[in-house]
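This report concerns only the one structure given below.
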Amino acid sequence: MNNITKESIAKDLLSIQAVFLKPENPFTWASGIKSPIYCDNRLTLSAPSVRKNVELGLANTVKEKFPQAEILMGTSTAGIAHAAITADILDMPMGYVRSGHKDHGRQNQIEGKLEKGQKVVVIEDLISTGGSVLEVVDVLREAGAEVLGVASIFTYGMQKGVERLKNANVINYSLSDFGTLISVAAEEGYIKESDIVKLKAFIADPQDSSWMSL
C-alpha cells in the first residue's frame with residue numbers, strides 16, 4: 001500500500017481515461033459549464049490493475065486517517081462498489097445511502113445495518129462542489145451516526161467545495177487531486193505545458209469561461 005501515491009493514482013486515472021483532459025475542445029457539464037476536464041471514476045471498476053490500486057489506496061486511507069471507523073458507507077451510486085471492495089479488504093461492514101427514500105417496502109434511504117453512534121467513513125468517487133457527499137453526510141448524521149470523514153478517489157479542489165466541507169465540519173482525504181493530475185498529465189504528454197495555465201484558470205473559477213482564450 002505504501003507505494004500508492006497521488007502521482008501513481010493520477011497516472012492510473014489518465015491511463016484508462018477515467019479522467020480526461022481536453023483544454024482545446026472542452027466538455028459541457030450538465031450545469032452548462034464549459035470544462036477542460038471530465039471525470040468518470042466508474043471506469044476504474046473495469047480496469048483490474050487500476051481498481052486494485054484505488055481500493056488499496058482507499059483502504060489505506062481509512063486505516064491511517066480514520067482508525068476508529070466501524071462501518072463504511074458508499075454514496076449512491078458511484079461510491080457503492082468502492083465501499084464494498086474497500087470494506088472487504090478491511091473486513092468491515094458497509095452500506096450505502098440512496099439519493100432518496102425508496103417508494104416501497106421499508107422506504108429506506110440508508111441500506112445496510114447502521115447503529116446510532118456508529119463511527120462512519122463515507123466512500124465517494126469524486127469531490128467537486130461537495131454538494132452530493134454532504135447530502136449523504138446529513139442523512140447519516142440525522143440517523144445518529146458519527147461521521148468521521150470522507151475517503152474519495154479524486155477531488156477537483158474547487159474553492160466552493162473546500163469551503164462547503166469545512167463549514168459542515170467534514171474532513172476529506174482524496175487519493176489524487178487536480179493539481180497533481182495536471183502536473184502528471186504534462187509530464188506524461190497528455191497535455192502541453194501551455195495548457196496548464198488554462199487548466200489552473202478554470203479550476204480557480206469554473207463559472208468564468210475566459211480560461212478558453214488564454
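Chain labels run A, B, ... following the order of the C-alpha cells; each chain numbers its residues from 1, and ligands are numbered from 1 in the order shown.
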Polymer residues at most 12 Å from Tyr190 (chain A), only C-alpha atoms, same-chain spacing of 5 or more positions, as a PyMOL selection string = chain A and resi 10-11+13-15+17+19-23+181-185+195-196
Could you give me the residues within region 2-208 of chain A that DSSP places in strand (DSSP E), as number ranges by chain?
-> A: 19-21, 27-28, 34-35, 37-39, 71-75, 94-97, 110-111, 119-127, 146-155, 172-177
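Shortest separation to Pro206 (chain A) among A:Gly112, A:Gly161, A:Gly57, A:Gly189 occurs at residue A:Gly161, atoms counted being only C-alpha atoms.
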Quick one: residues within 12 Å of region 133-141 of chain A, only C-alpha atoms counted, chain neighbours fewer than 4 positions away excluded, as JSON, numbers by chain?
-> {"A": [71, 72, 73, 74, 75, 76, 77, 78, 79, 95, 96, 97, 98, 99, 100, 101, 108, 109, 110, 111, 112, 113, 114, 115, 116, 117, 118, 119, 120, 121, 122, 123, 124, 125, 126, 127, 128, 129, 145, 146, 147, 148, 149, 150, 151, 152, 155, 161, 162, 163, 164, 165, 166, 167, 168, 169, 170, 171, 172]}
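Restricting the calculation to only C-alpha atoms, the smallest distance between His82 (chain A) and any of A:Ile203, A:Ala186, A:Leu58, A:Leu43 is found for A:Leu58.
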